[in-house]
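Visitor: Handing you this structure, nothing more for now.
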Amino acid sequence: MKKLRSRLFFHFSIQFGFISLLMIVVVFTAFFIGLYYLSNEDREADYYQTQLEELAIKVGDPYDYKEMGNDISDVLPENVWLQIIDEEGNVIESENAPEDLKESYSSFDMVQMKEREQLGESAIKYSLEKPLYGNENEYLYVLGYKDPGTILMNELVENVNGSIPEADKSEVEGKLNRLEGTLVIYNEDGNLVQQFGNQKQVEEQPLGIIEKDTSPDHFSEKQYTFLDRDSGNSWILYTPNEQNQDMPLTLYRNITLVFVGLAGIILLVTVFIAFWNSFRYGSPLFIFSNWLNRMGNGNYEEVLTEQEKKKVYRKNGKLKRRYKLYKEVFQAFDDMAEKLDASRKEREQLEKSREEWVAGISHDLRTPLTTMEGYGRLLGNKEYDWSKQELQEIGDTITEKSDYMVDLIEDFTLSFRLKNDAGSLAFNMVNLNNYMEHILVKFQKDVAFNDYQVVYKPIHPDRKIEVNERLFERMIDNLVYNAWKHNPPEIAIKIEATESEEEKALKIRIIDNGTGMDEETQKHLFTRYYRGTNTDERNEGTGLGMSIALQIAKLHKGTISVQSEKDRGTIVTVVLPYDTD
């Protein structure tokens with residue numbers, strides 16, 4: 001148990017050290033995730049503007065970038081084009097740009113670009129960048145992309161006169177429907193002048209106009225505005241936003257969510273570790289408790305239930321990792337349960353054997369003793385004068401019953417020994433043919449078998465087999481005597497030995513052509529004290545012969561089977577396996 005104590009101390013020290021390290025990792029991870037989330041908030045506000053700024057940072061000075069063997073097209077996002085304009089207004093780099101774009105821009109072009117946010121048929125984002133390294137020149141990065149809303153807004157306000165003329169309303173309505181957009185026009189007082197597209201009244205919060213302009217890609221729709229200075233009307237165009245992100249959160253709400261998320265993660269990790277510990281250390285204790293309860297109730301065989309075995313052991317029989325900490329405890333429980341179960345079984349076996357002995361002796365001795373007692377009382381009657389013939393008959397009956405009692409006691413003793421003392425029996429190698437002929441000599445010399453033909457058909461080639469000679473002979477005797485006792489004279493009893501390569505066994509058959517047996521007799525043939533239903537038997541028998549024969553066959557790791565039909569004879573087959581090595 002010292003090893004167990006040391007292992008527990010080491011295990012818990014490592015575990016709580018790991019928990020502390022894990023908590024530190026979780027805190028730092030959550031901090032950096034929150035920091036990244038907060039810094040990413042601005043990046044998601046305007047998709048194309050962010051793409052342009054990141055591109056400008058990667059490229060820096062375009063001349064130096066190309067001299068280093070880099071290609072701007074490799075870092076350019078899909079479905080956009082790029083122009084880089086120097087301080088003189090000349091385009092020094094152009095990637096994926098439409099052919100109708102200019103190669104040089106004047107100051108007036110720059111004003112148009114700034115006001116319209118459009119070049120040709122593309123909406124644009126621009127950024128003036130001064131590289132951190134290289135020369136001190138500034139470059140204007142212009143990123144073009146498809147934005148039907150920008151194009152449509154510039155088209156609508158061109159040559160505008162305060163509102164949409166009546167003649168153009170249907171055309172404007174068609175264009176808006178294709179974009180699934182909505183156009184609303186307000187006067188200086190904020191009253192709705194005209195609305196096209198989605199006829200639902202658009203109501204905007206005061207700060208919503210500014211938020212959609214500074215962070216357009218946080219919303220599900222894009223907003224385009226135009227102020228007609230001549231009429232004082234304000235135009236607002238709404239279109240679906242394909243770069244839509246979630247609704248923005250304020251800085252304070254973001255910080256609050258980060259810390260709430262951090263606290264939640266720490267709480268979840270702590271709860272997980274608590275549950276993990278309770279399961280890891282509580283589950284074995286629960287199993288031990290159930291184990292002790294079953295053992296207290298005397299159930300030693302089911303030390304662990306099938307469900308508990310699946311929890312504790314792998315398929316290869318080894319303990320699972322989380323239970324290895326208690327391997328000495330499991331081993332101690334197994335040893336104790338095995339010893340207690342063996343002790344209980346031994347006690348039960350002794351008690352059962354004692355009861356069987358007493359019951360068998362009481363049952364099988366009662367009948368002959370009753371007969372002998374009756375004849376004894378008759379002989380003790382002084383009023384009757386017995387003749388010599390009567391005395392001879394009484395003596396023969398008493399002798400017969402005495403012999404039966406001796407045979408019964410011997411059979412019962414042998415049966416008891418076979419069940420309880422089989423481990424001390426000695427086995428020897430014998431030649432099968434020679435040994436069978438030795439056994440059958442007694443039947444050939446026995447006058448009781450004069451009317452019976454007993455023949456042995458030897459095995460070829462001869463084989464040796466490991467047997468207990470005395471018990472093996474007793475088994476053959478019982479089987480042959482059983483065939484003689486239950487059949488009329490002049491039948492043939494044939495004994496043959498064969499070898500079965502398929503079953504790797506020797507087979508000894510006792511075959512007779514006698515009266516056979518019914519199904520009921522075959523069913524109970526090897527039941528102790530069963531004597532069958534044949535009323536023509538010449539000897540009552542002990543009812544243990546076939547049971548003893550089966551016990552002897554089992555001691556030799558063999559079996560006995562019976563095939564019989566009424567009036568067509570019986571075949572008793574003894575199968576004894578042998579080691580092919």
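Chain labels run A, B, ... following the order of the structure tokens; each chain numbers its residues from 1, and ligands are numbered from 1 in the order shown.
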Which segment 26-98 of chain A residues have any atom within 9 Å of an atom of segment 136-157 of chain A, and for each, what is the nearest pair of atoms with distance in Å to one decimal, counting only C-alpha atoms, rows sorted by chain and number, as CSV?

Guide:
residue,atom,partner,partner_atom,distance
A:Tyr48,CA,A:Leu143,CA,7.8
A:Gln49,CA,A:Leu143,CA,8.3
A:Gln51,CA,A:Leu143,CA,8.7
A:Leu52,CA,A:Leu143,CA,6.3
A:Glu53,CA,A:Tyr141,CA,8.7
A:Leu55,CA,A:Tyr141,CA,9.0
A:Ala56,CA,A:Tyr141,CA,7.0
A:Asp61,CA,A:Tyr139,CA,8.1
A:Pro62,CA,A:Tyr139,CA,8.8
A:Asn79,CA,A:Tyr145,CA,6.7
A:Val80,CA,A:Tyr145,CA,4.8
A:Trp81,CA,A:Gly144,CA,5.1
A:Leu82,CA,A:Leu143,CA,4.7
A:Gln83,CA,A:Val142,CA,5.2
A:Ile84,CA,A:Tyr141,CA,4.7
A:Ile85,CA,A:Leu140,CA,5.0
A:Asp86,CA,A:Tyr139,CA,4.8
A:Glu87,CA,A:Glu138,CA,6.2
A:Gly89,CA,A:Leu140,CA,8.8
A:Ala97,CA,A:Gly144,CA,7.9

Visitor: Deliver the residues from the most recent selection as a file, using N, CA and C atoms, as a compact mmCIF listing (two decimals), in the first residue's frame.

Guide:
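File written: result07.txt
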# COMPACT_ATOMS: atom_id res chain seq x y z
N TYR A 48 -14.17 46.52 -48.36
CA TYR A 48 -13.24 46.88 -49.44
C TYR A 48 -12.20 47.88 -48.97
N GLN A 49 -12.57 48.79 -48.06
CA GLN A 49 -11.59 49.74 -47.56
C GLN A 49 -10.50 49.01 -46.77
N GLN A 51 -9.63 45.85 -47.23
CA GLN A 51 -8.81 45.11 -48.20
C GLN A 51 -7.76 46.03 -48.83
N LEU A 52 -8.17 47.26 -49.16
CA LEU A 52 -7.25 48.20 -49.79
C LEU A 52 -6.11 48.58 -48.84
N GLU A 53 -6.43 48.86 -47.57
CA GLU A 53 -5.40 49.26 -46.61
C GLU A 53 -4.41 48.13 -46.35
N LEU A 55 -3.71 45.73 -48.42
CA LEU A 55 -2.93 45.58 -49.65
C LEU A 55 -1.82 46.63 -49.71
N ALA A 56 -2.15 47.88 -49.36
CA ALA A 56 -1.16 48.95 -49.39
C ALA A 56 -0.02 48.68 -48.40
N ASP A 61 6.16 50.42 -51.11
CA ASP A 61 6.64 51.10 -52.32
C ASP A 61 6.53 50.12 -53.49
N PRO A 62 5.70 50.41 -54.49
CA PRO A 62 5.50 49.44 -55.58
C PRO A 62 6.76 49.13 -56.37
N ASN A 79 -12.06 39.50 -57.90
CA ASN A 79 -13.18 40.33 -58.35
C ASN A 79 -12.98 41.82 -58.08
N VAL A 80 -11.72 42.25 -57.99
CA VAL A 80 -11.42 43.68 -57.83
C VAL A 80 -10.27 44.02 -58.78
N TRP A 81 -10.08 45.34 -58.99
CA TRP A 81 -8.92 45.78 -59.77
C TRP A 81 -8.20 46.87 -58.98
N LEU A 82 -6.95 47.12 -59.37
CA LEU A 82 -6.11 48.05 -58.62
C LEU A 82 -5.33 48.94 -59.59
N GLN A 83 -5.28 50.24 -59.23
CA GLN A 83 -4.37 51.18 -59.88
C GLN A 83 -3.58 51.92 -58.80
N ILE A 84 -2.28 52.10 -59.06
CA ILE A 84 -1.42 52.86 -58.15
C ILE A 84 -0.95 54.10 -58.91
N ILE A 85 -1.26 55.27 -58.32
CA ILE A 85 -1.00 56.56 -58.99
C ILE A 85 0.07 57.31 -58.22
N ASP A 86 1.06 57.84 -58.93
CA ASP A 86 2.13 58.56 -58.24
C ASP A 86 1.75 60.02 -58.06
N GLU A 87 2.69 60.82 -57.55
CA GLU A 87 2.41 62.23 -57.22
C GLU A 87 2.12 63.06 -58.47
N GLY A 89 0.27 62.04 -60.93
CA GLY A 89 -1.01 61.60 -61.47
C GLY A 89 -0.87 60.48 -62.48
N ALA A 97 -7.42 46.07 -64.23
CA ALA A 97 -8.21 47.29 -64.47
C ALA A 97 -8.89 47.24 -65.84

Visitor: Kindly provide the residues of segment 490-523 of chain A that approach segment 432-435 of chain A to within 10 Å, each paired with its closest atom pair and their distance in Å to one decimal, based on only C-alpha atoms, listed by chain and increasing number, as JSON lines.

Guide:
{"residue": "A:Glu496", "atom": "CA", "partner": "A:Asn433", "partner_atom": "CA", "distance": 9.9}
{"residue": "A:Ala497", "atom": "CA", "partner": "A:Asn433", "partner_atom": "CA", "distance": 8.3}
{"residue": "A:Leu506", "atom": "CA", "partner": "A:Leu432", "partner_atom": "CA", "distance": 9.8}

Visitor: Generate a file of the selected residues that holds N, CA and C atoms, formatted as a compact mmCIF listing (two decimals), in the first residue's frame.

Guide:
# COMPACT_ATOMS: atom_id res chain seq x y z
N GLU A 496 -16.29 -52.48 -30.98
CA GLU A 496 -15.33 -52.11 -32.01
C GLU A 496 -14.69 -50.77 -31.67
N ALA A 497 -13.40 -50.64 -32.05
CA ALA A 497 -12.63 -49.41 -31.81
C ALA A 497 -12.24 -48.81 -33.16
N LEU A 506 -10.53 -41.23 -30.37
CA LEU A 506 -10.80 -42.66 -30.52
C LEU A 506 -12.24 -42.92 -30.13

Visitor: Env of segment 481-493 of chain A: 7 Å cut, atoms = only C-alpha atoms, seq-sep filter 5 positions within chain, self excluded. Answer as a list in words.

Guide: Asp451, Tyr452, Gln453, Val454, Val455, Ile510, Ile511, Asp512, Asn513, Gly514, Thr515, Glu537 and Arg538 of chain A

Visitor: Glu221 of chain A: which residues within 6 Å, counting only C-alpha atoms, same-chain residues fewer than 5 positions away excluded, as a list in words?

Guide: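 Listed by chain and then number, they are Thr239, Pro240 and Asn241 of chain A.
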
Visitor: Quick one: of A:Glu67, A:Leu471, A:Leu292, A:Gly374, who's nearest to Met336 of chain A, counting only C-alpha atoms?

Guide: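 The closest residue to Met336 of chain A is A:Leu292.
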
Visitor: What residues in segment 315-551 of chain A get the DSSP label strand (DSSP E or B)? Please answer as number ranges by chain.

Guide: A: 319, 428-431, 453-457, 464-467, 492-500, 505-512

Visitor: Can you spit out the residues from that selection as a tab-separated table (two decimals), in the first residue's frame, using C-alpha atoms?

Guide:
chain	number	residue	atom	x	y	z
A	319	LEU	CA	-7.56	-2.07	-16.68
A	428	ASN	CA	-0.95	-44.61	-17.73
A	429	MET	CA	-0.33	-45.25	-21.43
A	430	VAL	CA	-1.78	-48.61	-22.56
A	431	ASN	CA	-2.06	-50.46	-25.84
A	453	GLN	CA	-21.89	-63.65	-28.27
A	454	VAL	CA	-19.31	-60.99	-27.31
A	455	VAL	CA	-16.95	-59.99	-30.14
A	456	TYR	CA	-14.19	-57.32	-30.24
A	457	LYS	CA	-13.16	-55.69	-33.52
A	464	LYS	CA	-1.85	-46.23	-27.32
A	465	ILE	CA	-4.12	-44.24	-25.05
A	466	GLU	CA	-3.65	-42.66	-21.63
A	467	VAL	CA	-6.19	-44.04	-19.12
A	492	ALA	CA	-24.82	-60.49	-30.19
A	493	ILE	CA	-22.74	-57.87	-28.42
A	494	LYS	CA	-20.10	-56.34	-30.68
A	495	ILE	CA	-17.34	-54.03	-29.44
A	496	GLU	CA	-15.33	-52.11	-32.01
A	497	ALA	CA	-12.63	-49.41	-31.81
A	498	THR	CA	-12.11	-46.81	-34.54
A	499	GLU	CA	-10.16	-43.59	-35.03
A	500	SER	CA	-11.74	-40.28	-36.12
A	505	ALA	CA	-10.46	-38.90	-31.05
A	506	LEU	CA	-10.80	-42.66	-30.52
A	507	LYS	CA	-14.28	-44.15	-30.60
A	508	ILE	CA	-15.30	-47.34	-28.79
A	509	ARG	CA	-18.76	-48.66	-29.74
A	510	ILE	CA	-20.75	-51.28	-27.78
A	511	ILE	CA	-23.34	-52.53	-30.28
A	512	ASP	CA	-26.15	-55.01	-29.59

Visitor: So which residues of segment 303-400 of chain A fall under helix (DSSP H, G or I) by DSSP, listed as number ranges by chain?

Guide: A: 306-312, 321-379, 388-400

Visitor: Take the residues that were just selected and, keeping C-alpha atoms, output them as a short mmCIF file (atom, residue, chain, number, x, y, z; two decimals), in the first residue's frame.

Guide:
data_model
loop_
_atom_site.label_atom_id
_atom_site.label_comp_id
_atom_site.auth_asym_id
_atom_site.auth_seq_id
_atom_site.Cartn_x
_atom_site.Cartn_y
_atom_site.Cartn_z
CA GLU A 306 -21.24 -6.85 -17.07
CA GLN A 307 -21.78 -3.09 -17.21
CA GLU A 308 -19.08 -2.49 -14.58
CA LYS A 309 -16.65 -4.78 -16.41
CA LYS A 310 -17.09 -2.71 -19.59
CA LYS A 311 -16.32 0.42 -17.55
CA VAL A 312 -13.24 -0.98 -15.79
CA ARG A 321 -6.24 4.14 -17.68
CA ARG A 322 -8.44 5.92 -15.15
CA TYR A 323 -8.69 2.76 -13.03
CA LYS A 324 -4.97 1.88 -13.04
CA LEU A 325 -4.54 4.05 -9.96
CA TYR A 326 -6.50 1.41 -8.00
CA LYS A 327 -5.00 -1.73 -9.56
CA GLU A 328 -3.82 -3.10 -6.16
CA VAL A 329 -7.32 -2.57 -4.77
CA PHE A 330 -8.94 -4.41 -7.69
CA GLN A 331 -6.40 -7.23 -7.34
CA ALA A 332 -7.06 -7.50 -3.59
CA PHE A 333 -10.82 -7.62 -4.19
CA ASP A 334 -10.42 -10.29 -6.88
CA ASP A 335 -8.23 -12.46 -4.66
CA MET A 336 -10.57 -12.12 -1.70
CA ALA A 337 -13.67 -12.86 -3.79
CA GLU A 338 -12.00 -15.88 -5.38
CA LYS A 339 -10.98 -17.33 -2.01
CA LEU A 340 -14.40 -16.70 -0.46
CA ASP A 341 -16.16 -18.20 -3.48
CA ALA A 342 -13.88 -21.26 -3.43
CA SER A 343 -14.52 -21.69 0.28
CA ARG A 344 -18.28 -21.40 -0.20
CA LYS A 345 -18.31 -23.84 -3.10
CA GLU A 346 -16.22 -26.32 -1.15
CA ARG A 347 -18.58 -26.05 1.81
CA GLU A 348 -21.63 -26.41 -0.43
CA GLN A 349 -20.07 -29.37 -2.23
CA LEU A 350 -19.29 -31.12 1.04
CA GLU A 351 -22.80 -30.48 2.31
CA LYS A 352 -24.36 -31.66 -0.94
CA SER A 353 -22.17 -34.77 -1.01
CA ARG A 354 -23.08 -35.57 2.55
CA GLU A 355 -26.80 -35.17 1.83
CA GLU A 356 -26.53 -37.26 -1.33
CA TRP A 357 -24.64 -39.97 0.53
CA VAL A 358 -27.20 -40.10 3.30
CA ALA A 359 -30.15 -39.98 0.91
CA GLY A 360 -28.63 -42.61 -1.37
CA ILE A 361 -27.76 -44.98 1.43
CA SER A 362 -31.19 -44.52 3.03
CA HIS A 363 -33.04 -45.08 -0.25
CA ASP A 364 -31.07 -47.97 -1.70
CA LEU A 365 -30.55 -49.92 1.51
CA ARG A 366 -34.13 -49.70 2.70
CA THR A 367 -35.58 -52.27 0.26
CA PRO A 368 -33.04 -55.09 0.78
CA LEU A 369 -32.97 -54.46 4.53
CA THR A 370 -36.75 -54.62 4.66
CA THR A 371 -36.68 -57.98 2.83
CA MET A 372 -33.95 -59.34 5.11
CA GLU A 373 -35.80 -58.06 8.18
CA GLY A 374 -38.99 -59.82 7.06
CA TYR A 375 -37.25 -63.12 6.51
CA GLY A 376 -35.52 -62.73 9.87
CA ARG A 377 -38.84 -62.32 11.64
CA LEU A 378 -40.22 -65.36 9.84
CA LEU A 379 -37.25 -67.47 10.85
CA LYS A 388 -35.18 -77.61 4.04
CA GLN A 389 -36.26 -76.21 0.67
CA GLU A 390 -37.86 -73.14 2.26
CA LEU A 391 -34.76 -72.47 4.32
CA GLN A 392 -32.67 -72.80 1.18
CA GLU A 393 -34.86 -70.24 -0.63
CA ILE A 394 -34.72 -67.83 2.32
CA GLY A 395 -30.92 -68.19 2.47
CA ASP A 396 -30.57 -67.55 -1.26
CA THR A 397 -32.75 -64.44 -0.99
CA ILE A 398 -30.78 -63.09 1.97
CA THR A 399 -27.49 -63.78 0.15
CA GLU A 400 -28.78 -62.05 -2.99
#
